[in-house]
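Student: The structure's right below; bear with me while I get my questions together.
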Amino acid sequence: MAQQISLTFPDGNSRQYNEGVTPADVAASIASSLAKKAISATVDGEHWDMAWPIKTDSTIAINTMKDEAPAVELIRHDLAHIMARAVQEIWPSTQVTIGPVIKDGWYYDFDRKEPFTPDDLGTIEKKMKEIINKRDEVRTEVWDRDVALKYYEDRCEPYKVELINGIPGDEPLRMYWHGDWQDLCRGPHLQNTGQVPGDSWKLMSIAGAYWRGDSNRTMLQRIYGVAFQNKEQLKAHLHMLEEAAKRDHRKLGREMDLFHMQEEAPGQIFWHPNGWLIYTQLQDYMRRKQRGGGYVEVNTPQVVDRKLWEQSGHWEKYQEHMFIVEVDEEHAREKSINALKPMNCPCHVQIFNQGLKSYRDLPLRMAEFGSCNRYEPSGALHGIMRVRGFTQDDGHIFCTEDQIEEETLTYIEFLTSIYRDLGFENFKVKFSDRPNTRSGSDEVWDKAETALLAATRKAGIEPELNPGEGAFYGPKLEFVLTDAIGRDWQCGTHQVDFVLPERLEANYIGSDGEKHRPVMLHRATLGSFERFIGILIEEHAGKLPFWLAPRQVVVASIISDADDYVREVVALLKAVGVRAEADIRNEKINYKVREHSLGKVPVILACGAREVEEHTVSVRRLGEKQTSVTTLTAIIDSLKTSVTPPDLL
RNA sequence: GCUGCUGUAGCUCACUGGCAGAGCACUCCCUUGGUAAGGGAGAGGUCGAGAGUUCGAUUCUCUCCAGCAGCACCA
């Protein structure tokens, strides 16, 4: 007689089953219609295959296609396998590797001599639909390690062999069969391939990806797909991508005439007047905020002798990524070798080191809008978000170990208020702790990690953990924003550093009269102006807050008899600090409205005979269809307020 | 850096082994108008750079450069 176990259903009722009962049995015991519709179960909170036996008392919920999270998970997961099978059926010599579920879909990595072409995606999709239509049963088998290894060795699938060797010995090796095609997989899966909706997914792109994410190993070919519960959701997703493409900062940068880049200076930006206005507005704002936050602003050299980089340790580690400047000095024995500064910290320590510092000087908050140049790998460059020449809103806080927590908390609040002002209420915070290779004792790391975490939580933020991702010199917090299509970009950062003060021999005199080593906190709020402006453009789809908009108001004449009045209005607006321009071209008002709307000008003031007569303007705000007629004095008052940056309101 | 794709007018993109094309933008003319494109004319190009194949290359091949997607990297 089998052992009985008790399963509790979502409605709170329990029933007894034999130990080893599967969710499929359970569903069948409830109703045959449920057994038919079931796709998986949630057992004690875990996503459970219909075929896996349940051994202990548990809670259980049977999932159907109507349960979004499990349904989408299984659809994507099974599609990964179906795609791999399709590829192997079309090109049998292709080797399969791994194919996980990711946001919005899945990918699968293949090793095949010939590159996949965009046309191949159509061929693969067709084959996948055939497989779905076959409604092949999905079966699980648990294999012995030897059998599995032999199976894959015989089939010349070295990647699978390596995967099996990486799975701990006590874990079962599950093989999933989709008809007569089989793949090593943790599961769970659907019951049959026909449960995947035929029209709710699409293959998107082909790209290269290193086996196991290691750039020393083979480059595989990755195919990405997206999948959803139904056709409508797929359509909505594809539509979202189209809309997101319109917000791309590279496109808007051109349309709004903000900046350009060209071959002669890859990864560097030619800022046009409109773009530079955003930049300087933002810089002015940051300068005021930093002063308010107790920072002293400094400026340091661009070209610095390699000796300093050797001392700081950057030469050894990052030489390849530095712009080297060699200078032949007269009478010198050898060329002097310098580097464009890739970062500001060593220079800031030089300022700290001038004169003796007392514990009374700490914490010392030093800020610089520091122009840096890094020779970033060509493949890393991306619009103005990842560039080779950029300016950080950099800052270094020299403090004692005991001050780390308080300085961190103060800083998080500082950053939060800035992000809020700039329209980012929500952002990700990631906490990266000690990496395997690191400097400093475990005691110091303990203290720093505890301080960072405690400060973050005091600020009401529970950070995501990035285990082992800290810098070699200390743990860090990253403040991450996302672009139009959801890619993550690290903007703000806050890092503890025990190493640099040591290497550059920074010290201060403590209350005991002895020399002590300060701790350095590296922090940047925007990160770089370049990246942040890129994000800002995408976040606002080019419709920047009024105070940041490069072109704020266009005063447009409807008839040329209004030209003088237009000039007068522009002059009055300029007098109160509004960036206003006249459009008295010989064009129709429709034409002007369209052009300035596309140029993302927040306010268009149209003036015709009536407005001249009544001393009013017709106001049209960006994104609104209707217009309103307002007196000249009223609009000037209102725009005068709008032009004020948020920190001065 | 790696894999794949792309590079033609300021922008978006056609076409082609034998005189280089469109729309928008630009300049000029006509039009004075009421909230997302009024009409006409004109100008604009070493077809990313270099080499090769060819009678002839923007087109085919190779190398390089740059961009795009992803991977790796991001002090």
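In the structure tokens, the first chain shown is A, the next is B, and so on; residue numbers restart at 1 for each chain, and ligands run from 1 in the order shown.
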Using only C-alpha atoms (C1' of nucleotides), what does the table of chain A residues within 8 Å of chain B look like, with each row giving the shortest atom pair and its distance in Å to one decimal, sorted by chain and ascending number, as a Markdown table?

Tutor:
```
| residue | atom | partner | partner_atom | distance |
| --- | --- | --- | --- | --- |
| A:Pro115 | CA | B:G4 | C1' | 7.4 |
| A:Ser205 | CA | B:A69 | C1' | 7.8 |
| A:Ile206 | CA | B:G4 | C1' | 7.1 |
| A:Ala207 | CA | B:G70 | C1' | 4.7 |
| A:Gly208 | CA | B:U3 | C1' | 4.2 |
| A:Ala209 | CA | B:C71 | C1' | 4.1 |
| A:Tyr210 | CA | B:C71 | C1' | 6.0 |
| A:Gly213 | CA | B:A72 | C1' | 7.1 |
| A:Asp214 | CA | B:A72 | C1' | 7.0 |
| A:Ser215 | CA | B:A72 | C1' | 5.3 |
| A:Met219 | CA | B:U3 | C1' | 6.7 |
| A:Leu220 | CA | B:U3 | C1' | 7.6 |
| A:Gln221 | CA | B:U3 | C1' | 7.2 |
| A:Glu263 | CA | B:A66 | C1' | 5.5 |
| A:Pro266 | CA | B:A66 | C1' | 7.7 |
| A:His314 | CA | B:A75 | C1' | 6.9 |
| A:Tyr318 | CA | B:A75 | C1' | 7.2 |
| A:Met343 | CA | B:A75 | C1' | 7.5 |
| A:Glu376 | CA | B:C74 | C1' | 7.9 |
| A:Pro377 | CA | B:G1 | C1' | 6.2 |
| A:Ser378 | CA | B:G1 | C1' | 7.3 |
| A:Gly379 | CA | B:G1 | C1' | 7.2 |
| A:Ala380 | CA | B:C73 | C1' | 7.5 |
| A:Ile558 | CA | B:G33 | C1' | 6.3 |
| A:Ile559 | CA | B:U32 | C1' | 5.2 |
| A:Ser560 | CA | B:U32 | C1' | 6.5 |
| A:Glu587 | CA | B:G33 | C1' | 7.9 |
| A:Lys588 | CA | B:G33 | C1' | 5.4 |
| A:Ile589 | CA | B:U35 | C1' | 6.3 |
| A:Asn590 | CA | B:U35 | C1' | 5.7 |
| A:Tyr591 | CA | B:A37 | C1' | 5.9 |
| A:Val593 | CA | B:A36 | C1' | 6.1 |
| A:Arg594 | CA | B:A36 | C1' | 3.9 |
| A:Glu595 | CA | B:A36 | C1' | 7.5 |
| A:Ser597 | CA | B:A36 | C1' | 7.2 |
| A:Ala606 | CA | B:U35 | C1' | 7.9 |
| A:Gly608 | CA | B:G34 | C1' | 7.4 |
| A:Arg620 | CA | B:U35 | C1' | 7.6 |
| A:Thr627 | CA | B:U35 | C1' | 7.4 |
```

Student: Can you check which residues of stretch 82-209 of chain A DSSP gives as strand (DSSP E) on the backbone and send them as a PyMOL selection string?

Tutor: chain A and resi 95-96+101-102+105-111+138-143+173-178+181-184+201-209

Student: Between atom CA of A:Glu539 and atom CA of A:Thr482, measure the distance and give it in Å to one decimal.

Tutor: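 These atoms are spaced 8.2 Å apart.
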
Student: Pull the alpha helix (DSSP H) assignments for stretch 254-464 of chain A out of DSSP run on the backbone, and list those residues as a PyMOL selection string.

Tutor: chain A and resi 254-255+273-292+306-312+314-318+345-353+404-421+442-458

Student: I'd like the neighbourhood of stretch 50-60 of chain B as a list in words, where a residue qualifies if any of its atoms comes within 8 Å (using only C-alpha atoms (C1' of nucleotides)), though same-chain residues fewer than 6 positions away should be ignored.

Tutor: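 The contact residues come out as U8, U16, G17 and G18 of chain B.
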
Student: Restrict the selected residues to N, CA, C and O atoms (P, O5', C5', C4', C3', O3' and C1' of nucleotides) and save them as a PDB file, in the first residue's frame.

Tutor:
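Output contents, as saved in again_15.pdb:
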```pdb
ATOM      1  P     U B   8      24.808  55.422 -47.731  1.00  0.00           P
ATOM      2  O5'   U B   8      24.902  55.392 -49.315  1.00  0.00           O
ATOM      3  C5'   U B   8      26.062  55.840 -49.978  1.00  0.00           C
ATOM      4  C4'   U B   8      25.700  56.335 -51.339  1.00  0.00           C
ATOM      5  C3'   U B   8      24.594  57.376 -51.369  1.00  0.00           C
ATOM      6  O3'   U B   8      25.066  58.678 -51.076  1.00  0.00           O
ATOM      7  C1'   U B   8      24.102  55.708 -52.946  1.00  0.00           C
ATOM      8  P     U B  16      18.305  46.629 -60.313  1.00  0.00           P
ATOM      9  O5'   U B  16      19.544  47.082 -61.177  1.00  0.00           O
ATOM     10  C5'   U B  16      19.360  47.505 -62.525  1.00  0.00           C
ATOM     11  C4'   U B  16      20.608  48.150 -63.019  1.00  0.00           C
ATOM     12  C3'   U B  16      21.880  47.359 -62.755  1.00  0.00           C
ATOM     13  O3'   U B  16      22.073  46.316 -63.689  1.00  0.00           O
ATOM     14  C1'   U B  16      22.230  49.613 -62.162  1.00  0.00           C
ATOM     15  P     G B  17      23.054  45.099 -63.309  1.00  0.00           P
ATOM     16  O5'   G B  17      24.480  45.752 -63.053  1.00  0.00           O
ATOM     17  C5'   G B  17      25.665  45.085 -63.405  1.00  0.00           C
ATOM     18  C4'   G B  17      26.633  46.037 -64.105  1.00  0.00           C
ATOM     19  C3'   G B  17      26.443  46.117 -65.607  1.00  0.00           C
ATOM     20  O3'   G B  17      26.785  47.425 -66.067  1.00  0.00           O
ATOM     21  C1'   G B  17      28.633  45.528 -65.118  1.00  0.00           C
ATOM     22  P     G B  18      25.584  48.397 -66.434  1.00  0.00           P
ATOM     23  O5'   G B  18      26.308  49.517 -67.306  1.00  0.00           O
ATOM     24  C5'   G B  18      27.077  50.535 -66.653  1.00  0.00           C
ATOM     25  C4'   G B  18      27.588  51.512 -67.675  1.00  0.00           C
ATOM     26  C3'   G B  18      26.520  52.162 -68.545  1.00  0.00           C
ATOM     27  O3'   G B  18      26.955  53.476 -68.901  1.00  0.00           O
ATOM     28  C1'   G B  18      27.928  50.829 -69.895  1.00  0.00           C
TER      29        G B  18
END
```

Student: Write out as a list in words which residues come within 8 Å of stretch 345-350 of chain A when counting only C-alpha atoms (C1' of nucleotides), dropping same-chain ones fewer than 6 positions away.

Tutor: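 Close residues of stretch 345-350 of chain A: Thr300, Pro301, Leu308, Trp309, Ser312, Met366, His396, Leu500, Pro501, Leu504, Ala506 and His522 of chain A.
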
Student: Restricted to C-alpha atoms, what would the selected residues look like written as a short mmCIF file (atom, residue, chain, number, x, y, z; two decimals), in the first residue's frame?

Tutor:
```
data_model
loop_
_atom_site.label_atom_id
_atom_site.label_comp_id
_atom_site.auth_asym_id
_atom_site.auth_seq_id
_atom_site.Cartn_x
_atom_site.Cartn_y
_atom_site.Cartn_z
CA THR A 300 42.15 68.60 -13.29
CA PRO A 301 44.44 68.01 -16.31
CA LEU A 308 50.61 58.55 -12.26
CA TRP A 309 48.62 55.82 -14.02
CA SER A 312 47.30 54.19 -9.49
CA MET A 366 35.22 66.85 -4.15
CA HIS A 396 35.01 61.63 -4.61
CA LEU A 500 43.55 53.98 -4.33
CA PRO A 501 44.21 56.07 -1.18
CA LEU A 504 48.52 57.20 -3.98
CA ALA A 506 46.58 59.79 0.76
CA HIS A 522 33.66 57.24 -5.96
#
```

Student: Would you mind telling me which residue in A:Ser40, A:Thr22, A:Arg551, A:Glu255 lies nearest to B:G10 when using only C-alpha atoms (C1' of nucleotides)?

Tutor: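 Looking at the shortest contact to B:G10, the residue is A:Glu255.
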
Student: Using only C-alpha atoms (C1' of nucleotides), which residues sit within 12 Å of B:C26 once same-chain residues fewer than 2 positions away are excluded, as an mmCIF file with N, CA, C and O atoms (P, O5', C5', C4', C3', O3' and C1' of nucleotides), in the first residue's frame?

Tutor:
```cif
data_model
loop_
_atom_site.group_PDB
_atom_site.id
_atom_site.type_symbol
_atom_site.label_atom_id
_atom_site.label_comp_id
_atom_site.auth_asym_id
_atom_site.auth_seq_id
_atom_site.Cartn_x
_atom_site.Cartn_y
_atom_site.Cartn_z
ATOM 1 P P A B 9 24.174 59.645 -50.221
ATOM 2 O "O5'" A B 9 23.878 60.841 -51.218
ATOM 3 C "C5'" A B 9 24.897 61.782 -51.506
ATOM 4 C "C4'" A B 9 24.300 63.168 -51.506
ATOM 5 C "C3'" A B 9 23.465 63.498 -50.265
ATOM 6 O "O3'" A B 9 23.644 64.860 -49.918
ATOM 7 C "C1'" A B 9 22.114 63.693 -52.185
ATOM 8 P P G B 10 24.809 65.301 -48.961
ATOM 9 O "O5'" G B 10 24.081 65.290 -47.545
ATOM 10 C "C5'" G B 10 24.736 65.773 -46.349
ATOM 11 C "C4'" G B 10 23.673 66.089 -45.325
ATOM 12 C "C3'" G B 10 22.651 64.989 -45.118
ATOM 13 O "O3'" G B 10 23.066 64.105 -44.097
ATOM 14 C "C1'" G B 10 21.521 67.009 -45.604
ATOM 15 P P C B 11 22.720 62.545 -44.164
ATOM 16 O "O5'" C B 11 21.153 62.493 -43.878
ATOM 17 C "C5'" C B 11 20.634 62.768 -42.584
ATOM 18 C "C4'" C B 11 19.138 62.595 -42.605
ATOM 19 C "C3'" C B 11 18.657 61.240 -43.109
ATOM 20 O "O3'" C B 11 18.628 60.290 -42.061
ATOM 21 C "C1'" C B 11 17.479 62.946 -44.237
ATOM 22 P P C B 24 8.217 66.301 -52.051
ATOM 23 O "O5'" C B 24 8.914 66.418 -50.623
ATOM 24 C "C5'" C B 24 8.176 66.158 -49.429
ATOM 25 C "C4'" C B 24 9.112 66.042 -48.253
ATOM 26 C "C3'" C B 24 9.975 67.264 -47.953
ATOM 27 O "O3'" C B 24 9.273 68.267 -47.224
ATOM 28 C "C1'" C B 24 11.318 65.331 -47.892
ATOM 29 P P C B 28 16.303 82.416 -51.073
ATOM 30 O "O5'" C B 28 15.696 82.504 -52.549
ATOM 31 C "C5'" C B 28 16.387 83.200 -53.591
ATOM 32 C "C4'" C B 28 15.681 83.006 -54.900
ATOM 33 C "C3'" C B 28 14.219 83.431 -54.938
ATOM 34 O "O3'" C B 28 14.081 84.826 -55.140
ATOM 35 C "C1'" C B 28 14.434 81.298 -55.916
ATOM 36 P P G B 42 13.652 73.095 -63.554
ATOM 37 O "O5'" G B 42 14.758 73.709 -62.589
ATOM 38 C "C5'" G B 42 15.515 74.853 -63.000
ATOM 39 C "C4'" G B 42 16.357 75.348 -61.860
ATOM 40 C "C3'" G B 42 17.440 74.401 -61.368
ATOM 41 O "O3'" G B 42 18.601 74.457 -62.167
ATOM 42 C "C1'" G B 42 16.280 75.306 -59.512
ATOM 43 P P A B 43 19.574 73.195 -62.313
ATOM 44 O "O5'" A B 43 20.378 73.210 -60.933
ATOM 45 C "C5'" A B 43 21.286 74.280 -60.632
ATOM 46 C "C4'" A B 43 21.624 74.263 -59.162
ATOM 47 C "C3'" A B 43 22.282 72.976 -58.669
ATOM 48 O "O3'" A B 43 23.675 72.970 -58.888
ATOM 49 C "C1'" A B 43 20.510 73.530 -57.234
ATOM 50 P P G B 44 24.401 71.595 -59.245
ATOM 51 O "O5'" G B 44 24.310 70.762 -57.887
ATOM 52 C "C5'" G B 44 24.999 71.219 -56.727
ATOM 53 C "C4'" G B 44 24.507 70.474 -55.512
ATOM 54 C "C3'" G B 44 24.781 68.973 -55.522
ATOM 55 O "O3'" G B 44 26.077 68.709 -55.021
ATOM 56 C "C1'" G B 44 22.533 69.374 -54.894
#
```
